[in-house]
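*Asks:* The file below is input_6.cif, mmCIF, C-alpha atoms:
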data_final
loop_
_atom_site.label_atom_id
_atom_site.label_comp_id
_atom_site.auth_asym_id
_atom_site.auth_seq_id
_atom_site.Cartn_x
_atom_site.Cartn_y
_atom_site.Cartn_z
CA MET A 195 59.63 97.70 146.60
CA GLY A 196 61.98 100.62 146.97
CA LEU A 197 65.15 101.51 145.12
CA ARG A 198 66.35 99.09 142.49
CA ASP A 199 69.80 97.64 143.08
CA PRO A 200 72.23 100.09 141.45
CA ARG A 201 74.91 97.42 141.21
CA ARG A 202 73.03 95.66 138.42
CA CYS A 203 72.85 96.77 134.81
CA VAL A 204 69.20 97.60 134.29
CA GLY A 205 67.20 98.84 131.34
CA ARG A 206 67.49 98.06 127.67
CA LYS A 207 70.89 97.32 126.23
CA GLY A 208 72.62 100.56 125.44
CA SER A 209 70.16 102.65 127.44
CA LEU A 210 71.63 102.85 130.91
CA SER A 211 74.99 102.92 132.60
CA CYS A 212 75.96 101.26 135.88
CA SER A 213 78.98 103.50 136.01
CA TRP A 214 78.31 105.10 139.40
CA THR A 215 79.47 101.80 140.92
CA GLY A 216 82.68 101.91 138.95
CA ARG A 217 81.44 99.50 136.25
CA ARG A 218 79.88 100.18 132.91
CA CYS A 219 77.32 98.13 131.02
CA HIS A 220 78.32 97.11 127.52
CA HIS A 221 77.44 99.86 125.04
CA ALA A 222 76.06 102.01 127.88
CA VAL A 223 74.82 105.46 126.93
CA VAL A 224 75.56 108.30 129.34
CA ILE A 225 74.33 111.27 127.30
CA VAL A 226 70.63 110.50 126.81
CA GLY A 227 69.75 113.98 125.63
CA VAL A 228 71.42 117.25 124.67
CA GLY A 229 70.21 120.34 122.89
CA ARG A 230 70.66 124.08 122.67
CA TYR A 231 67.42 126.06 122.49
CA LEU A 232 67.20 129.64 121.28
CA ARG A 233 63.83 131.35 121.83
CA GLY A 234 62.06 127.99 121.76
CA ARG A 235 63.82 126.57 118.71
CA GLU A 236 66.61 124.01 118.74
CA VAL A 237 69.86 125.25 117.22
CA ASP A 238 73.32 123.73 116.76
CA LEU A 239 71.63 120.55 115.55
CA ALA A 240 74.76 119.12 113.92
CA GLN A 241 76.81 119.35 117.12
CA ALA A 242 73.94 117.95 119.21
CA GLN A 243 73.60 114.98 116.86
CA LEU A 244 77.32 114.25 117.09
CA ILE A 245 77.15 114.33 120.88
CA ARG A 246 74.08 112.11 121.02
CA ARG A 247 75.63 109.69 118.56
CA ALA A 248 78.76 109.40 120.71
CA GLY A 249 76.65 108.90 123.83
CA THR A 250 79.56 109.25 126.25
CA LEU A 251 81.44 112.13 127.81
CA THR A 252 84.77 112.01 126.02
CA PRO A 253 87.14 114.98 125.56
CA ASP A 254 85.67 115.46 122.08
CA THR A 255 82.04 115.54 123.22
CA VAL A 256 82.92 117.82 126.15
CA ALA A 257 84.61 120.18 123.68
CA LEU A 258 81.46 120.23 121.56
CA ILE A 259 79.33 120.92 124.64
CA ARG A 260 81.72 123.73 125.62
CA ALA A 261 81.31 125.36 122.22
CA MET A 262 77.53 125.16 122.46
CA TYR A 263 77.54 126.47 126.03
CA VAL A 264 79.73 129.45 125.16
CA ARG A 265 77.32 130.44 122.41
CA SER A 266 74.30 130.09 124.73
CA THR A 267 75.35 132.59 127.40
CA SER A 268 74.32 135.78 125.62
CA ASP A 269 70.55 135.58 126.07
CA TYR A 270 68.35 134.18 128.89
CA ALA A 271 66.12 132.52 126.27
CA ASP A 272 69.22 130.80 124.85
CA PHE A 273 70.19 127.80 126.97
CA LEU A 274 71.67 124.33 126.94
CA TRP A 275 69.80 121.26 128.22
CA ILE A 276 71.91 118.19 128.95
CA ALA A 277 70.50 114.90 130.29
CA LEU A 278 72.84 112.20 131.66
CA ALA A 279 72.13 108.66 132.87
CA GLY A 280 74.55 107.05 135.31
CA PRO A 281 77.78 108.95 134.55
CA THR A 282 81.00 108.15 136.36
CA ASP A 283 82.49 110.61 138.81
CA GLN A 284 85.20 111.48 136.30
CA GLU A 285 82.70 112.08 133.50
CA LEU A 286 80.39 114.26 135.55
CA THR A 287 83.32 116.18 137.03
CA SER A 288 84.60 117.07 133.57
CA LEU A 289 81.19 118.47 132.65
CA ALA A 290 80.68 120.14 136.03
CA GLU A 291 83.96 122.06 135.65
CA LEU A 292 82.74 123.37 132.32
CA LEU A 293 79.35 124.47 133.75
CA GLY A 294 80.71 125.77 137.05
CA VAL A 295 78.96 123.17 139.21
CA SER A 296 80.59 122.73 142.64
CA PRO A 297 82.24 119.36 143.54
CA PRO A 298 79.87 118.71 146.52
CA TRP A 299 76.93 118.85 144.13
CA VAL A 300 78.68 116.36 141.85
CA GLU A 301 79.12 114.00 144.79
CA GLU A 302 75.48 114.34 145.81
CA ALA A 303 74.22 113.79 142.27
CA LEU A 304 76.09 110.47 142.11
CA ASN A 305 75.05 109.26 145.57
CA ILE A 306 72.13 106.88 145.06
CA LYS A 307 71.39 107.00 148.80
CA GLN A 308 71.24 110.79 148.96
CA ARG A 309 68.11 112.23 150.53
CA ALA A 310 65.84 114.41 148.39
CA LYS A 311 66.88 118.04 148.82
CA ALA A 312 67.12 121.49 147.29
CA GLU A 313 70.09 123.86 147.54
CA PHE A 314 70.94 127.18 145.92
CA SER A 315 74.19 129.10 145.65
CA ALA A 316 74.65 132.29 147.66
CA ASP A 317 74.25 134.46 144.56
CA GLN A 318 71.20 132.43 143.44
CA GLN A 319 72.90 131.85 140.09
CA ARG A 320 72.91 128.08 140.47
CA GLY A 321 70.62 125.60 142.13
CA LEU A 322 70.40 121.88 142.78
CA ILE A 323 67.15 119.96 143.32
CA LEU A 324 67.47 116.24 143.96
CA PHE A 325 64.33 114.20 143.36
CA LYS A 326 63.54 110.61 144.24
CA THR A 327 61.56 109.46 141.23
CA VAL A 328 58.80 106.90 141.72
CA SER A 329 56.92 104.38 139.62
CA TYR A 330 54.01 102.20 140.75
CA ASP A 331 54.32 98.52 139.79
CA GLU A 332 50.87 97.09 139.02
CA GLU A 333 52.00 93.45 139.25
CA THR A 334 53.50 93.72 142.74
CA SER A 335 51.47 96.71 144.00
CA GLY A 336 54.83 98.20 144.98
CA VAL A 337 56.65 101.49 144.50
CA ASP A 338 59.98 101.46 142.62
CA THR A 339 62.21 104.49 143.08
CA GLY A 340 65.09 106.08 141.26
CA GLN A 341 66.84 109.41 141.42
CA ILE A 342 67.12 112.52 139.25
CA THR A 343 69.28 115.48 140.15
CA LEU A 344 68.41 118.75 138.44
CA VAL A 345 71.14 121.40 138.31
CA LEU A 346 70.13 124.83 137.08
CA GLY A 347 72.58 127.57 136.16
CA PRO A 348 73.07 130.52 133.83
CA SER A 349 71.96 129.33 130.43
CA PHE A 350 71.98 125.62 131.22
CA VAL A 351 69.88 122.83 132.71
CA LEU A 352 71.61 119.58 133.65
CA THR A 353 69.82 116.41 134.76
CA VAL A 354 71.59 113.35 136.17
CA ARG A 355 69.52 110.18 136.42
CA LEU A 356 70.45 107.12 138.45
CA GLY A 357 68.37 104.00 137.83
CA PRO A 358 65.79 103.29 135.12
CA ILE A 359 62.93 105.21 136.77
CA GLY A 360 62.19 108.73 135.54
CA ALA A 361 63.38 108.89 131.92
CA LEU A 362 62.77 112.37 130.50
CA SER A 363 62.72 111.71 126.74
CA ARG A 364 58.95 112.16 126.59
CA VAL A 365 59.19 115.41 128.56
CA ARG A 366 61.79 116.81 126.16
CA ALA A 367 59.74 115.82 123.12
CA GLU A 368 56.58 117.46 124.47
CA LEU A 369 58.48 120.62 125.38
CA VAL A 370 60.13 120.88 121.96
CA ASP A 371 56.64 120.68 120.44
CA ASN A 372 55.71 123.78 122.46
CA PRO A 373 58.29 126.39 121.34
CA GLU A 374 56.35 129.33 122.79
CA PHE A 375 56.65 127.89 126.28
CA LEU A 376 60.25 126.75 125.73
CA ALA A 377 61.11 130.32 124.72
CA LEU A 378 60.58 131.34 128.37
CA GLY A 379 64.09 130.04 129.09
CA PRO A 380 65.72 127.33 131.21
CA LEU A 381 63.04 127.62 133.89
CA ALA A 382 60.55 126.35 131.31
CA ALA A 383 62.57 123.13 131.05
CA VAL A 384 62.85 123.00 134.85
CA HIS A 385 59.07 123.28 135.12
CA ALA A 386 58.50 120.50 132.58
CA ILE A 387 60.88 118.17 134.44
CA MET A 388 59.41 118.94 137.86
CA ASP A 389 55.86 118.65 136.57
CA ALA A 390 56.52 115.16 135.15
CA ILE A 391 58.15 113.96 138.38
CA VAL A 392 55.38 115.38 140.58
CA ASP A 393 52.71 113.85 138.31
CA ASP A 394 54.34 110.47 138.97
CA TYR A 395 54.09 111.20 142.71
CA LEU A 396 50.37 111.86 142.36
CA SER A 397 49.85 108.73 140.25
CA ALA A 398 51.62 106.62 142.88
CA THR A 399 49.58 108.16 145.70
CA ASP A 400 46.37 107.45 143.77
CA GLU A 401 47.35 103.80 143.33
CA ILE A 402 48.31 103.39 146.97
CA GLY A 403 45.06 105.11 147.96
CA ALA A 404 43.11 102.57 145.89
CA ASP A 405 45.01 99.73 147.59
CA ILE A 406 44.22 101.21 151.00
CA ASP A 407 40.52 101.47 150.13
CA THR A 408 40.45 97.80 149.16
CA LEU A 409 42.30 96.79 152.31
CA GLU A 410 40.03 98.96 154.45
CA GLU A 411 37.00 97.02 153.19
CA GLN A 412 38.69 93.78 154.24
CA VAL A 413 39.68 95.08 157.68
CA PHE A 414 36.18 96.27 158.53
CA SER A 415 34.27 93.49 156.80
CA PRO A 416 32.02 91.20 158.92
CA ARG A 417 34.49 88.37 158.42
CA ILE A 418 37.45 88.91 160.74
CA THR A 419 40.83 88.29 159.08
CA ASP A 420 44.45 89.02 160.00
CA ASP A 421 45.47 91.84 157.62
CA SER A 422 48.53 93.07 159.53
CA GLU A 423 51.01 91.78 156.93
CA ALA A 424 49.22 93.57 154.08
CA ILE A 425 49.02 96.75 156.14
CA TYR A 426 52.75 96.64 156.90
CA ARG A 427 53.50 96.14 153.21
CA LEU A 428 51.47 99.22 152.30
CA LYS A 429 53.18 101.17 155.08
CA ARG A 430 56.55 100.32 153.54
CA GLU A 431 55.41 101.49 150.11
CA ASN A 432 53.93 104.66 151.57
CA LEU A 433 57.20 105.25 153.43
CA GLU A 434 59.02 105.28 150.09
CA LEU A 435 56.77 108.12 148.97
CA ARG A 436 57.20 109.97 152.27
CA ARG A 437 60.98 109.83 151.91
CA ALA A 438 60.68 111.24 148.40
CA LEU A 439 58.19 113.98 149.25
CA ALA A 440 58.86 115.22 152.78
CA PRO A 441 62.19 116.97 152.03
CA LEU A 442 60.60 118.77 149.07
CA VAL A 443 57.89 120.52 151.08
CA PRO A 444 60.05 123.69 151.43
CA VAL A 445 60.54 123.63 147.65
CA ALA A 446 56.76 123.46 147.20
CA GLN A 447 56.36 126.47 149.46
CA ARG A 448 58.90 128.43 147.40
CA LEU A 449 57.14 127.49 144.18
CA ILE A 450 53.77 128.57 145.53
CA SER A 451 55.24 131.89 146.69
CA GLY A 452 56.81 132.48 143.26
CA THR A 453 60.49 131.99 144.11
CA LEU A 454 62.93 129.27 143.19
CA GLN A 455 66.32 130.41 141.93
CA GLY A 456 65.45 134.00 142.71
CA GLU A 457 62.19 135.45 141.48
CA ILE A 458 60.27 133.29 139.02
CA PRO A 459 59.30 135.26 135.88
CA ALA A 460 55.67 136.36 135.86
CA GLY A 461 54.86 134.24 132.82
CA LEU A 462 55.96 131.06 134.61
CA ARG A 463 54.59 131.72 138.09
CA PRO A 464 51.17 130.10 137.51
CA TYR A 465 52.87 126.96 136.19
CA PHE A 466 55.27 126.67 139.13
CA HIS A 467 52.45 127.49 141.54
CA ASP A 468 50.54 124.54 140.09
CA VAL A 469 53.58 122.23 140.54
CA GLY A 470 54.01 123.41 144.13
CA ASP A 471 50.34 122.81 144.82
CA HIS A 472 50.52 119.28 143.40
CA LEU A 473 53.66 118.56 145.41
CA THR A 474 51.96 119.74 148.61
CA ARG A 475 48.85 117.71 147.79
CA ALA A 476 50.90 114.54 147.22
CA HIS A 477 52.67 115.07 150.55
CA ASP A 478 49.34 115.59 152.32
CA TYR A 479 48.09 112.34 150.79
CA VAL A 480 51.01 110.26 152.06
CA GLU A 481 50.71 111.80 155.53
CA SER A 482 46.98 111.03 155.66
CA TYR A 483 47.68 107.52 154.35
CA GLU A 484 50.18 106.97 157.15
CA ASN A 485 47.61 107.98 159.77
CA LEU A 486 44.95 105.83 158.13
CA LEU A 487 47.26 102.80 157.94
CA VAL A 488 48.15 103.16 161.63
CA THR A 489 44.43 103.32 162.47
CA MET A 490 43.73 100.29 160.29
CA LEU A 491 46.57 98.37 161.92
CA HIS A 492 45.20 99.12 165.39
CA ALA A 493 41.69 98.17 164.27
CA SER A 494 42.90 94.95 162.65
CA ASN A 495 44.88 93.96 165.72
CA ALA A 496 41.97 94.87 168.00
CA ARG A 497 39.50 92.84 165.95
CA HIS A 498 41.93 89.95 165.74
CA GLY A 499 42.46 90.13 169.52
CA LEU A 500 38.70 90.30 170.06
CA GLN A 501 38.28 87.21 167.91
CA GLN A 502 40.92 85.40 169.95
CA ASN A 503 39.16 86.39 173.18
CA THR A 504 35.87 85.13 171.79
CA ASP A 505 37.48 81.84 170.81
CA MET A 506 39.09 81.51 174.24
CA ARG A 507 35.74 82.11 175.97
CA LYS A 508 34.11 79.42 173.85
CA ILE A 509 36.95 77.03 174.62
CA ALA A 510 36.63 77.81 178.35
CA ALA A 511 32.85 77.25 178.24
CA TYR A 512 33.17 73.87 176.55
CA ALA A 513 35.97 72.96 178.94
CA ALA A 514 33.65 73.71 181.88
CA MET A 515 30.97 71.44 180.45
CA LEU A 516 33.52 68.70 179.90
CA ALA A 517 34.86 69.18 183.44
CA TRP A 518 31.39 68.57 184.96
CA ALA A 519 31.02 65.25 183.14
CA THR A 520 34.63 64.32 183.90
CA ALA A 521 34.17 65.01 187.62
CA ILE A 522 31.16 62.69 187.86
CA ALA A 523 32.89 59.99 185.82
CA GLY A 524 35.92 60.36 188.06
CA VAL A 525 33.92 59.80 191.22
CA TYR A 526 32.35 56.65 189.84
CA GLY A 527 35.70 55.49 188.57
CA MET A 528 37.10 55.26 192.13
CA ASN A 529 35.04 52.05 192.70
CA PHE A 530 34.35 52.52 196.42
CA VAL A 531 32.46 49.70 198.11
CA TYR A 532 29.89 51.87 199.84
CA MET A 533 28.24 53.48 196.82
CA PRO A 534 24.60 52.27 197.01
CA GLU A 535 23.71 53.40 193.51
CA LEU A 536 26.18 50.88 192.09
CA ASP A 537 23.94 48.05 193.24
CA GLU A 538 20.76 49.63 191.88
CA VAL A 539 19.28 49.25 188.41
CA TRP A 540 18.75 52.99 188.12
CA GLY A 541 22.38 53.82 189.10
CA TYR A 542 23.91 53.92 185.60
CA PRO A 543 21.03 55.85 183.93
CA PHE A 544 21.05 58.22 186.90
CA ALA A 545 24.76 59.01 186.38
CA LEU A 546 24.24 59.66 182.67
CA ILE A 547 21.23 61.90 183.31
CA LEU A 548 23.21 63.80 185.96
CA MET A 549 26.05 64.37 183.51
CA LEU A 550 23.75 65.46 180.68
CA GLY A 551 21.63 67.66 182.92
CA GLY A 552 24.69 69.43 184.31
CA VAL A 553 26.16 69.96 180.84
CA LEU A 554 22.88 71.43 179.57
CA TRP A 555 22.60 73.72 182.60
CA ILE A 556 26.19 74.99 182.13
CA HIS A 557 25.60 75.46 178.38
CA ARG A 558 22.48 77.54 179.10
CA ALA A 559 24.35 79.66 181.62
CA PHE A 560 27.19 80.43 179.19
CA LYS A 561 24.67 81.11 176.43
CA ARG A 562 22.93 83.71 178.56
CA SER A 563 26.25 85.37 179.44
CA GLY A 564 27.20 85.65 175.77
CA TRP A 565 30.15 83.32 175.90
CA LEU A 566 28.54 80.92 173.42
#
Take the structure in the file and write it out as structure tokens.
*Replies:*
Amino acid sequence: MGLRDPRRCVGRKGSLSCSWTGRRCHHAVVIVGVGRYLRGREVDLAQAQLIRRAGTLTPDTVALIRAMYVRSTSDYADFLWIALAGPTDQELTSLAELLGVSPPWVEEALNIKQRAKAEFSADQQRGLILFKTVSYDEETSGVDTGQITLVLGPSFVLTVRLGPIGALSRVRAELVDNPEFLALGPLAAVHAIMDAIVDDYLSATDEIGADIDTLEEQVFSPRITDDSEAIYRLKRENLELRRALAPLVPVAQRLISGTLQGEIPAGLRPYFHDVGDHLTRAHDYVESYENLLVTMLHASNARHGLQQNTDMRKIAAYAAMLAWATAIAGVYGMNFVYMPELDEVWGYPFALILMLGGVLWIHRAFKRSGWL
């Protein structure tokens, strides 16, 4: 199905903003999550609650975020995690200036048509990873996509979500319930976010794989059917996954090698290695699916063409039998005077027997040749 139309207000009332198009849904919430975490425990709860209650990036909420951010820069295990949904350019710019995020990254984070990518600053202090999030729709057997941009910097993690796909509230809740892992710093939050997104990739590939298996049984069943439309539909859905995954292959390689924004701490390397492995596996799946779908399309077209050839041969065989009888009837229909059999009693039965005998002989000949 692809990317949902960003010009429409989607999601529950008060849960999502359409502001990247210059409009805002009534009661839209931009700040869907904020928290400061010190050695795995959430601190500055009062300020975080005020920000979440406001829900939008106003000068007051930005000032509160600034105060929390200033206090979180003294220790690597002390960081700020901010999650936004559909902010305007002005809103994100005000926050980006506070966090030191470059304007090009702000522009890319708000571009719903931006290709998945990963970039890091020259000093490796900041990084941007843009994900195309996916969700498999059981009713339509289609893939819906959204976008999440993850910006990582000194003592902060910022996520910007466009569209309803890929909400991270469950990820945050699970991570908060695991303070020992959260104490590993902002990269722990990065891992949790990436792991959830990549798990959705694998779930979507599994569903598409099941659809392909079902379609494969139809294509190679004894009953010949035209499955080209269904194959093209699956190719479109698989293409959505390819667009999301292909640009992230270099990121997977970095994760497997133990590097992301510089060297990944030893305690987190196995986790990031696992995410990189899953990302590579999902990409391998969609590539193999593409090859399989192309093969199935060729096989379906070949079988359909073979069926058409078989039908044409049968039509030609019956046409030949009809032509024999027509030729004899045509000769007798000319009503020449000098046709002795017209004056004989046996003339009419003889013509019918000649027609039937010829038709049976032609039928036998085509039967032997395999045309019938």
*Asks:* Please write the residues picked by the PyMOL selection byres ((chain A and resi 243) around 12) on this file as a count of residues only.
*Replies:* 22
*Asks:* If we count only C-alpha atoms and set the cut-off at 8 Å, which residues sit around stretch 455-462 of chain A, ignoring sequence neighbours fewer than 4 positions away in its own chain? Please answer as a ChimeraX atom specification.
*Replies:* /A:314,318-321,378,381-382,466
*Asks:* For the provided coordinates, the residues matched by the PyMOL selection byres ((chain A and resi 345) around 8) should be stated as a short mmCIF file (atom, residue, chain, number, x, y, z; two decimals) with C-alpha atoms, in the coordinates of the input.
*Replies:*
data_model
loop_
_atom_site.label_atom_id
_atom_site.label_comp_id
_atom_site.auth_asym_id
_atom_site.auth_seq_id
_atom_site.Cartn_x
_atom_site.Cartn_y
_atom_site.Cartn_z
CA ARG A 320 72.91 128.08 140.47
CA GLY A 321 70.62 125.60 142.13
CA LEU A 322 70.40 121.88 142.78
CA ILE A 323 67.15 119.96 143.32
CA THR A 343 69.28 115.48 140.15
CA LEU A 344 68.41 118.75 138.44
CA LEU A 346 70.13 124.83 137.08
CA GLY A 347 72.58 127.57 136.16
CA VAL A 351 69.88 122.83 132.71
CA LEU A 352 71.61 119.58 133.65
CA THR A 353 69.82 116.41 134.76
#
*Asks:* Taking into account all atoms listed in the file, which residue in the set A:Ala257, A:Pro543, A:Leu376, A:Ala390 is nearest to A:Ser363?
*Replies:*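 For A:Ser363, the nearest of the candidates is A:Ala390.
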*Asks:* Would you list the residues near (51.8, 98.6, 145.2) (no more than 6 Å away, in the coordinates of the file, using all atoms listed in the file) as a ChimeraX atom specification?
*Replies:* /A:331,334-337
*Asks:* Quick check, in Å to one decimal: how far apart do atom CA of A:Gly452 and atom CA of A:Glu481 lie?
*Replies:* 24.8 Å
*Asks:* Identify all residues satisfying the PyMOL selection byres ((chain A and resi 403) around 12) in the given file; provide them as a list in words.
*Replies:*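 Answer for the PyMOL selection byres ((chain A and resi 403) around 12): Tyr330, Ser335, Leu396, Ser397, Ala398, Thr399, Asp400, Glu401, Ile402, Ala404, Asp405, Ile406, Asp407, Thr408, Leu409, Glu410, Leu428, Lys429, Glu431, Asn432, Ala476, Tyr479, Val480, Glu481, Ser482, Tyr483, Glu484, Leu486 and Leu487 of chain A.
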*Asks:* Can you pull out the residues contacting A:Arg309? Cut-off 12 Å, using all atoms listed in the file, and skip same-chain residues under 4 positions away; I want them as a VMD selection string.
*Replies:* chain A and resid 302 to 305 323 to 327 340 to 343 434 436 to 442
*Asks:* Only C-alpha atoms, please: the residues just picked out, written as an mmCIF file, in the coordinates of the input.
*Replies:*
data_model
loop_
_atom_site.group_PDB
_atom_site.id
_atom_site.type_symbol
_atom_site.label_atom_id
_atom_site.label_comp_id
_atom_site.auth_asym_id
_atom_site.auth_seq_id
_atom_site.Cartn_x
_atom_site.Cartn_y
_atom_site.Cartn_z
ATOM 1 C CA GLU A 302 75.480 114.340 145.810
ATOM 2 C CA ALA A 303 74.220 113.790 142.270
ATOM 3 C CA LEU A 304 76.090 110.470 142.110
ATOM 4 C CA ASN A 305 75.050 109.260 145.570
ATOM 5 C CA ILE A 323 67.150 119.960 143.320
ATOM 6 C CA LEU A 324 67.470 116.240 143.960
ATOM 7 C CA PHE A 325 64.330 114.200 143.360
ATOM 8 C CA LYS A 326 63.540 110.610 144.240
ATOM 9 C CA THR A 327 61.560 109.460 141.230
ATOM 10 C CA GLY A 340 65.090 106.080 141.260
ATOM 11 C CA GLN A 341 66.840 109.410 141.420
ATOM 12 C CA ILE A 342 67.120 112.520 139.250
ATOM 13 C CA THR A 343 69.280 115.480 140.150
ATOM 14 C CA GLU A 434 59.020 105.280 150.090
ATOM 15 C CA ARG A 436 57.200 109.970 152.270
ATOM 16 C CA ARG A 437 60.980 109.830 151.910
ATOM 17 C CA ALA A 438 60.680 111.240 148.400
ATOM 18 C CA LEU A 439 58.190 113.980 149.250
ATOM 19 C CA ALA A 440 58.860 115.220 152.780
ATOM 20 C CA PRO A 441 62.190 116.970 152.030
ATOM 21 C CA LEU A 442 60.600 118.770 149.070
#
*Asks:* With distances taken over all atoms listed in the file, which of A:Ala261, A:Val553, A:Ala361, A:Leu232 is nearest to A:Ala279?
*Replies:* A:Ala361
